[in-house]
Amino acid sequence: MSALQIKKGSSKHSAYNLRPNFSDVSEKHTLAVIVDNEAGVLARVIGLFGARGYNIDSLTVAEIDHTGHRSRITICTTGTPQVIEQIKAQLGRIVPVHEVHDLTVEGPSVERELALIKVQGEGEKRVEALRLADIFRANAVDSTLTSFVFEITGTPEKIDAFADLMRPLGLVEIARTGVAALSRGY
């Protein structure tokens, strides 16, 4: 407080609330960006994140319209609401971008990810790995006498939980596709 007992952000004679109403809380958002399927577009979109110091938690890209030459980029990122709004605005200004959707804000959405998880173990650890895989509905897509490769599909949280349980059983390697997401309904 100042000597005049005036709270910071306001003045004795001001009719305006000068205090910032920005949130400092970081939130995870899933963005769906429809772009032209041409060389250099992905680099431009990703360059926007790198140049401003924004982190990408997950990234998937695939062509969705062969005749219209359009691709869908699904980006999971974390930031304050102001940062997310800035990202969406800047993505919308890139020329080959046709649509930017924030699936987190627009309503319910479905998010899935695929992972391949290699687990090495023998004896009881091998049996336990198979039991846990059955509980998580993971499929053994490769098996040797000393290891398994499991395929698991689900939310990123489900895959994280499965990987955490496999670590003490001999987790060797993980390959993840990144999040694919669509809004629910029509």
# chains A, B, ... in the order shown; residues from 1 in each chain; ligands from 1
call {"tool": "residues_around", "arguments": {"residues": "Pro96 in chain A", "least_positions_apart": "4", "cutoff": "10 Å", "atoms": "only C-alpha atoms", "output": "PyMOL selection string"}}
result
chain A and resi 34-38+40-42+44-45+70+91-92
call {"tool": "write_last_selection", "arguments": {"atoms": "C-alpha atoms", "output": "PDB file, in the first residue's frame"}}
result
ATOM      1  CA  ILE A  34      -7.054 -27.399 -40.879  1.00  0.00           C
ATOM      2  CA  VAL A  35      -4.364 -26.415 -43.387  1.00  0.00           C
ATOM      3  CA  ASP A  36      -3.445 -26.797 -47.051  1.00  0.00           C
ATOM      4  CA  ASN A  37      -1.479 -29.989 -47.610  1.00  0.00           C
ATOM      5  CA  GLU A  38       1.607 -28.454 -49.170  1.00  0.00           C
ATOM      6  CA  GLY A  40       6.391 -26.019 -45.642  1.00  0.00           C
ATOM      7  CA  VAL A  41       3.012 -25.522 -43.935  1.00  0.00           C
ATOM      8  CA  LEU A  42       3.845 -27.713 -40.947  1.00  0.00           C
ATOM      9  CA  ARG A  44       5.404 -22.557 -40.488  1.00  0.00           C
ATOM     10  CA  VAL A  45       2.859 -23.683 -37.901  1.00  0.00           C
ATOM     11  CA  ARG A  70      -6.194 -30.453 -46.812  1.00  0.00           C
ATOM     12  CA  LEU A  91      -2.384 -19.505 -36.196  1.00  0.00           C
ATOM     13  CA  GLY A  92      -5.431 -17.976 -37.885  1.00  0.00           C
TER      14      GLY A  92
END
call {"tool": "residues_around", "arguments": {"residues": "range 140-155 of chain A", "least_positions_apart": "3", "cutoff": "9 Å", "atoms": "only C-alpha atoms", "output": "ChimeraX atom specification"}}
result
/A:110-122,126,129-130,133,136-137,158-160,162,170,179
call {"tool": "write_last_selection", "arguments": {"atoms": "N, CA, C and O atoms", "output": "compact mmCIF listing (two decimals), in the first residue's frame"}}
result
# COMPACT_ATOMS: atom_id res chain seq x y z
N VAL A 110 -13.37 -36.17 -28.08
CA VAL A 110 -12.81 -37.50 -27.89
C VAL A 110 -11.33 -37.42 -28.25
O VAL A 110 -10.98 -36.97 -29.34
N GLU A 111 -10.47 -37.83 -27.32
CA GLU A 111 -9.02 -37.84 -27.55
C GLU A 111 -8.50 -39.26 -27.38
O GLU A 111 -8.83 -39.92 -26.41
N ARG A 112 -7.70 -39.70 -28.34
CA ARG A 112 -7.10 -41.03 -28.27
C ARG A 112 -5.65 -40.94 -28.74
O ARG A 112 -5.29 -40.09 -29.55
N GLU A 113 -4.87 -41.88 -28.22
CA GLU A 113 -3.47 -41.97 -28.58
C GLU A 113 -3.11 -43.45 -28.67
O GLU A 113 -3.66 -44.27 -27.94
N LEU A 114 -2.19 -43.78 -29.54
CA LEU A 114 -1.70 -45.15 -29.69
C LEU A 114 -0.26 -45.18 -29.19
O LEU A 114 0.51 -44.24 -29.45
N ALA A 115 0.09 -46.24 -28.48
CA ALA A 115 1.46 -46.41 -28.02
C ALA A 115 1.90 -47.85 -28.19
O ALA A 115 1.10 -48.78 -28.06
N LEU A 116 3.16 -48.02 -28.51
CA LEU A 116 3.81 -49.33 -28.51
C LEU A 116 4.77 -49.32 -27.33
O LEU A 116 5.60 -48.41 -27.21
N ILE A 117 4.66 -50.33 -26.47
CA ILE A 117 5.46 -50.38 -25.25
C ILE A 117 6.19 -51.72 -25.18
O ILE A 117 5.54 -52.78 -25.17
N LYS A 118 7.52 -51.66 -25.13
CA LYS A 118 8.33 -52.88 -25.05
C LYS A 118 8.68 -53.14 -23.59
O LYS A 118 9.20 -52.27 -22.89
N VAL A 119 8.38 -54.38 -23.14
CA VAL A 119 8.64 -54.79 -21.77
C VAL A 119 9.50 -56.05 -21.82
O VAL A 119 9.15 -57.02 -22.50
N GLN A 120 10.59 -56.02 -21.06
CA GLN A 120 11.49 -57.15 -21.00
C GLN A 120 11.35 -57.80 -19.63
O GLN A 120 11.36 -57.10 -18.61
N GLY A 121 11.21 -59.10 -19.59
CA GLY A 121 11.10 -59.77 -18.29
C GLY A 121 10.91 -61.25 -18.46
O GLY A 121 10.52 -61.74 -19.52
N GLU A 122 11.18 -61.96 -17.39
CA GLU A 122 11.02 -63.41 -17.38
C GLU A 122 10.30 -63.82 -16.11
O GLU A 122 10.26 -63.08 -15.13
N ARG A 126 6.95 -61.53 -16.22
CA ARG A 126 6.32 -61.74 -17.53
C ARG A 126 4.82 -62.00 -17.36
O ARG A 126 4.00 -61.45 -18.08
N ALA A 129 3.09 -58.77 -16.30
CA ALA A 129 2.96 -57.85 -17.44
C ALA A 129 1.76 -58.25 -18.31
O ALA A 129 0.99 -57.38 -18.75
N LEU A 130 1.58 -59.54 -18.54
CA LEU A 130 0.44 -60.01 -19.33
C LEU A 130 -0.88 -59.75 -18.60
O LEU A 130 -1.87 -59.39 -19.23
N ALA A 133 -1.61 -56.04 -18.91
CA ALA A 133 -2.00 -55.75 -20.30
C ALA A 133 -3.45 -56.13 -20.53
O ALA A 133 -4.19 -55.40 -21.21
N PHE A 136 -5.70 -53.46 -18.96
CA PHE A 136 -5.70 -52.21 -19.73
C PHE A 136 -6.13 -52.41 -21.19
O PHE A 136 -6.11 -51.48 -21.97
N ARG A 137 -6.49 -53.64 -21.55
CA ARG A 137 -6.89 -53.98 -22.92
C ARG A 137 -5.79 -53.67 -23.93
O ARG A 137 -6.05 -53.20 -25.04
N LYS A 158 -4.37 -42.78 -19.67
CA LYS A 158 -4.40 -44.24 -19.60
C LYS A 158 -3.04 -44.81 -20.02
O LYS A 158 -2.52 -45.73 -19.37
N ILE A 159 -2.47 -44.26 -21.06
CA ILE A 159 -1.17 -44.74 -21.53
C ILE A 159 -0.08 -44.45 -20.49
O ILE A 159 0.78 -45.30 -20.22
N ASP A 160 -0.13 -43.27 -19.88
CA ASP A 160 0.82 -42.93 -18.81
C ASP A 160 0.70 -43.92 -17.65
O ASP A 160 1.71 -44.38 -17.11
N PHE A 162 -0.46 -47.03 -17.70
CA PHE A 162 0.05 -48.34 -18.11
C PHE A 162 1.58 -48.36 -18.11
O PHE A 162 2.19 -49.30 -17.60
N GLY A 170 10.02 -54.07 -16.11
CA GLY A 170 11.04 -54.17 -17.14
C GLY A 170 10.76 -53.36 -18.39
O GLY A 170 11.16 -53.76 -19.49
N VAL A 179 -1.68 -37.27 -29.73
CA VAL A 179 -3.14 -37.26 -29.58
C VAL A 179 -3.83 -37.00 -30.92
O VAL A 179 -3.45 -36.08 -31.65
call {"tool": "atom_distance", "arguments": {"atom1": "CA of Ile64 in chain A", "atom2": "CA of Glu106 in chain A"}}
result
20.7 Å
call {"tool": "atom_distance", "arguments": {"atom1": "CA of Arg176 in chain A", "atom2": "CA of Ala51 in chain A"}}
result
25.2 Å
call {"tool": "select_by_dssp", "arguments": {"residues": "chain A", "states": "alpha helix (DSSP H)", "output": "ChimeraX atom specification"}}
result
/A:41-52,81-93,103-106,124-135,156-170
call {"tool": "residues_around", "arguments": {"residues": "Leu59 in chain A", "least_positions_apart": "4", "cutoff": "10 Å", "atoms": "only C-alpha atoms", "output": "PyMOL selection string"}}
result
chain A and resi 30-31+46+73-77+177-180
call {"tool": "write_last_selection", "arguments": {"atoms": "N, CA, C and O atoms", "output": "mmCIF file, in the first residue's frame"}}
result
data_model
loop_
_atom_site.group_PDB
_atom_site.id
_atom_site.type_symbol
_atom_site.label_atom_id
_atom_site.label_comp_id
_atom_site.auth_asym_id
_atom_site.auth_seq_id
_atom_site.Cartn_x
_atom_site.Cartn_y
_atom_site.Cartn_z
ATOM 1 N N THR A 30 -6.284 -28.614 -26.523
ATOM 2 C CA THR A 30 -6.106 -29.380 -27.752
ATOM 3 C C THR A 30 -6.638 -28.538 -28.896
ATOM 4 O O THR A 30 -7.817 -28.175 -28.917
ATOM 5 N N LEU A 31 -5.766 -28.215 -29.845
ATOM 6 C CA LEU A 31 -6.136 -27.390 -30.994
ATOM 7 C C LEU A 31 -6.165 -28.256 -32.248
ATOM 8 O O LEU A 31 -5.262 -29.066 -32.476
ATOM 9 N N ILE A 46 4.641 -24.904 -36.800
ATOM 10 C CA ILE A 46 5.499 -25.263 -35.677
ATOM 11 C C ILE A 46 6.475 -24.129 -35.370
ATOM 12 O O ILE A 46 6.806 -23.877 -34.210
ATOM 13 N N ILE A 73 -3.892 -30.792 -38.408
ATOM 14 C CA ILE A 73 -2.824 -30.803 -37.423
ATOM 15 C C ILE A 73 -3.501 -30.729 -36.057
ATOM 16 O O ILE A 73 -4.266 -29.804 -35.787
ATOM 17 N N THR A 74 -3.248 -31.717 -35.215
ATOM 18 C CA THR A 74 -3.779 -31.711 -33.851
ATOM 19 C C THR A 74 -2.617 -31.417 -32.917
ATOM 20 O O THR A 74 -1.638 -32.157 -32.889
ATOM 21 N N ILE A 75 -2.733 -30.326 -32.173
ATOM 22 C CA ILE A 75 -1.664 -29.866 -31.299
ATOM 23 C C ILE A 75 -2.185 -29.803 -29.867
ATOM 24 O O ILE A 75 -3.215 -29.177 -29.605
ATOM 25 N N CYS A 76 -1.490 -30.441 -28.951
ATOM 26 C CA CYS A 76 -1.769 -30.296 -27.524
ATOM 27 C C CYS A 76 -0.697 -29.383 -26.953
ATOM 28 O O CYS A 76 0.497 -29.624 -27.141
ATOM 29 N N THR A 77 -1.120 -28.324 -26.289
ATOM 30 C CA THR A 77 -0.192 -27.355 -25.721
ATOM 31 C C THR A 77 -0.712 -26.905 -24.360
ATOM 32 O O THR A 77 -1.867 -27.125 -24.029
ATOM 33 N N THR A 177 2.122 -42.096 -30.607
ATOM 34 C CA THR A 177 1.709 -41.404 -31.833
ATOM 35 C C THR A 177 1.368 -39.946 -31.607
ATOM 36 O O THR A 177 1.397 -39.160 -32.529
ATOM 37 N N GLY A 178 0.996 -39.574 -30.407
ATOM 38 C CA GLY A 178 0.466 -38.231 -30.156
ATOM 39 C C GLY A 178 -1.050 -38.310 -30.218
ATOM 40 O O GLY A 178 -1.638 -39.277 -30.699
ATOM 41 N N VAL A 179 -1.683 -37.274 -29.729
ATOM 42 C CA VAL A 179 -3.141 -37.261 -29.583
ATOM 43 C C VAL A 179 -3.834 -36.998 -30.915
ATOM 44 O O VAL A 179 -3.447 -36.084 -31.653
ATOM 45 N N ALA A 180 -4.848 -37.795 -31.201
ATOM 46 C CA ALA A 180 -5.789 -37.520 -32.285
ATOM 47 C C ALA A 180 -7.112 -37.188 -31.602
ATOM 48 O O ALA A 180 -7.529 -37.910 -30.688
#
call {"tool": "select_by_dssp", "arguments": {"residues": "chain A", "states": "strand (DSSP E)", "output": "PyMOL selection string"}}
result
chain A and resi 27-36+56-65+70-79+97-102+109-120+139-143+147-154+171-176+180-183
call {"tool": "closest_residue", "arguments": {"among": "A:Ile56, A:Ala39, A:Leu103, A:Leu48", "to": "Ser183 in chain A", "atoms": "only C-alpha atoms"}}
result
A:Leu103
call {"tool": "decode", "arguments": {"residues": "range 72-99 of chain A", "atoms": "N, CA, C and O atoms", "output": "mmCIF file, in the first residue's frame"}}
result
data_model
loop_
_atom_site.group_PDB
_atom_site.id
_atom_site.type_symbol
_atom_site.label_atom_id
_atom_site.label_comp_id
_atom_site.auth_asym_id
_atom_site.auth_seq_id
_atom_site.Cartn_x
_atom_site.Cartn_y
_atom_site.Cartn_z
ATOM 1 N N ARG A 72 -5.018 -32.099 -41.369
ATOM 2 C CA ARG A 72 -5.429 -31.712 -40.027
ATOM 3 C C ARG A 72 -4.224 -31.863 -39.112
ATOM 4 O O ARG A 72 -3.610 -32.925 -39.052
ATOM 5 N N ILE A 73 -3.892 -30.792 -38.408
ATOM 6 C CA ILE A 73 -2.824 -30.803 -37.423
ATOM 7 C C ILE A 73 -3.501 -30.729 -36.057
ATOM 8 O O ILE A 73 -4.266 -29.804 -35.787
ATOM 9 N N THR A 74 -3.248 -31.717 -35.215
ATOM 10 C CA THR A 74 -3.779 -31.711 -33.851
ATOM 11 C C THR A 74 -2.617 -31.417 -32.917
ATOM 12 O O THR A 74 -1.638 -32.157 -32.889
ATOM 13 N N ILE A 75 -2.733 -30.326 -32.173
ATOM 14 C CA ILE A 75 -1.664 -29.866 -31.299
ATOM 15 C C ILE A 75 -2.185 -29.803 -29.867
ATOM 16 O O ILE A 75 -3.215 -29.177 -29.605
ATOM 17 N N CYS A 76 -1.490 -30.441 -28.951
ATOM 18 C CA CYS A 76 -1.769 -30.296 -27.524
ATOM 19 C C CYS A 76 -0.697 -29.383 -26.953
ATOM 20 O O CYS A 76 0.497 -29.624 -27.141
ATOM 21 N N THR A 77 -1.120 -28.324 -26.289
ATOM 22 C CA THR A 77 -0.192 -27.355 -25.721
ATOM 23 C C THR A 77 -0.712 -26.905 -24.360
ATOM 24 O O THR A 77 -1.867 -27.125 -24.029
ATOM 25 N N THR A 78 0.160 -26.269 -23.604
ATOM 26 C CA THR A 78 -0.198 -25.788 -22.282
ATOM 27 C C THR A 78 0.139 -24.314 -22.186
ATOM 28 O O THR A 78 1.189 -23.885 -22.655
ATOM 29 N N GLY A 79 -0.769 -23.546 -21.579
ATOM 30 C CA GLY A 79 -0.514 -22.125 -21.389
ATOM 31 C C GLY A 79 -1.657 -21.467 -20.654
ATOM 32 O O GLY A 79 -2.712 -22.072 -20.437
ATOM 33 N N THR A 80 -1.445 -20.226 -20.296
ATOM 34 C CA THR A 80 -2.508 -19.460 -19.662
ATOM 35 C C THR A 80 -3.579 -19.177 -20.715
ATOM 36 O O THR A 80 -3.313 -19.271 -21.918
ATOM 37 N N PRO A 81 -4.794 -18.817 -20.302
ATOM 38 C CA PRO A 81 -5.837 -18.505 -21.288
ATOM 39 C C PRO A 81 -5.410 -17.420 -22.275
ATOM 40 O O PRO A 81 -5.743 -17.494 -23.460
ATOM 41 N N GLN A 82 -4.645 -16.434 -21.823
ATOM 42 C CA GLN A 82 -4.189 -15.368 -22.714
ATOM 43 C C GLN A 82 -3.209 -15.914 -23.758
ATOM 44 O O GLN A 82 -3.282 -15.535 -24.929
ATOM 45 N N VAL A 83 -2.323 -16.798 -23.340
ATOM 46 C CA VAL A 83 -1.360 -17.392 -24.274
ATOM 47 C C VAL A 83 -2.084 -18.243 -25.305
ATOM 48 O O VAL A 83 -1.788 -18.185 -26.499
ATOM 49 N N ILE A 84 -3.063 -19.038 -24.866
ATOM 50 C CA ILE A 84 -3.827 -19.887 -25.791
ATOM 51 C C ILE A 84 -4.568 -19.023 -26.809
ATOM 52 O O ILE A 84 -4.573 -19.320 -28.009
ATOM 53 N N GLU A 85 -5.188 -17.941 -26.368
ATOM 54 C CA GLU A 85 -5.886 -17.035 -27.292
ATOM 55 C C GLU A 85 -4.900 -16.425 -28.290
ATOM 56 O O GLU A 85 -5.216 -16.273 -29.469
ATOM 57 N N GLN A 86 -3.718 -16.070 -27.826
ATOM 58 C CA GLN A 86 -2.703 -15.504 -28.713
ATOM 59 C C GLN A 86 -2.254 -16.534 -29.742
ATOM 60 O O GLN A 86 -2.108 -16.218 -30.923
ATOM 61 N N ILE A 87 -2.064 -17.779 -29.320
ATOM 62 C CA ILE A 87 -1.677 -18.843 -30.245
ATOM 63 C C ILE A 87 -2.741 -19.020 -31.322
ATOM 64 O O ILE A 87 -2.442 -19.089 -32.516
ATOM 65 N N LYS A 88 -4.025 -19.090 -30.905
ATOM 66 C CA LYS A 88 -5.107 -19.272 -31.878
ATOM 67 C C LYS A 88 -5.170 -18.112 -32.863
ATOM 68 O O LYS A 88 -5.354 -18.320 -34.065
ATOM 69 N N ALA A 89 -5.019 -16.897 -32.368
ATOM 70 C CA ALA A 89 -5.066 -15.723 -33.246
ATOM 71 C C ALA A 89 -3.911 -15.743 -34.241
ATOM 72 O O ALA A 89 -4.098 -15.453 -35.431
ATOM 73 N N GLN A 90 -2.725 -16.086 -33.777
ATOM 74 C CA GLN A 90 -1.570 -16.101 -34.673
ATOM 75 C C GLN A 90 -1.644 -17.246 -35.670
ATOM 76 O O GLN A 90 -1.239 -17.090 -36.818
ATOM 77 N N LEU A 91 -2.190 -18.398 -35.251
ATOM 78 C CA LEU A 91 -2.384 -19.505 -36.196
ATOM 79 C C LEU A 91 -3.366 -19.101 -37.290
ATOM 80 O O LEU A 91 -3.167 -19.428 -38.462
ATOM 81 N N GLY A 92 -4.422 -18.401 -36.922
ATOM 82 C CA GLY A 92 -5.431 -17.976 -37.885
ATOM 83 C C GLY A 92 -4.901 -16.996 -38.922
ATOM 84 O O GLY A 92 -5.478 -16.868 -40.000
ATOM 85 N N ARG A 93 -3.806 -16.315 -38.614
ATOM 86 C CA ARG A 93 -3.230 -15.349 -39.557
ATOM 87 C C ARG A 93 -2.275 -15.973 -40.575
ATOM 88 O O ARG A 93 -1.915 -15.326 -41.554
ATOM 89 N N ILE A 94 -1.864 -17.215 -40.341
ATOM 90 C CA ILE A 94 -0.975 -17.874 -41.303
ATOM 91 C C ILE A 94 -1.796 -18.199 -42.550
ATOM 92 O O ILE A 94 -2.887 -18.768 -42.460
ATOM 93 N N VAL A 95 -1.286 -17.874 -43.716
ATOM 94 C CA VAL A 95 -2.058 -17.957 -44.966
ATOM 95 C C VAL A 95 -2.613 -19.348 -45.270
ATOM 96 O O VAL A 95 -3.798 -19.461 -45.565
ATOM 97 N N PRO A 96 -1.866 -20.450 -45.216
ATOM 98 C CA PRO A 96 -2.468 -21.736 -45.585
ATOM 99 C C PRO A 96 -3.387 -22.345 -44.529
ATOM 100 O O PRO A 96 -3.907 -23.425 -44.717
ATOM 101 N N VAL A 97 -3.627 -21.650 -43.404
ATOM 102 C CA VAL A 97 -4.519 -22.153 -42.360
ATOM 103 C C VAL A 97 -5.954 -21.756 -42.699
ATOM 104 O O VAL A 97 -6.248 -20.593 -42.923
ATOM 105 N N HIS A 98 -6.842 -22.752 -42.733
ATOM 106 C CA HIS A 98 -8.249 -22.506 -43.058
ATOM 107 C C HIS A 98 -9.126 -22.394 -41.815
ATOM 108 O O HIS A 98 -10.058 -21.591 -41.781
ATOM 109 N N GLU A 99 -8.869 -23.231 -40.807
ATOM 110 C CA GLU A 99 -9.677 -23.235 -39.592
ATOM 111 C C GLU A 99 -8.790 -23.526 -38.392
ATOM 112 O O GLU A 99 -7.849 -24.301 -38.496
#
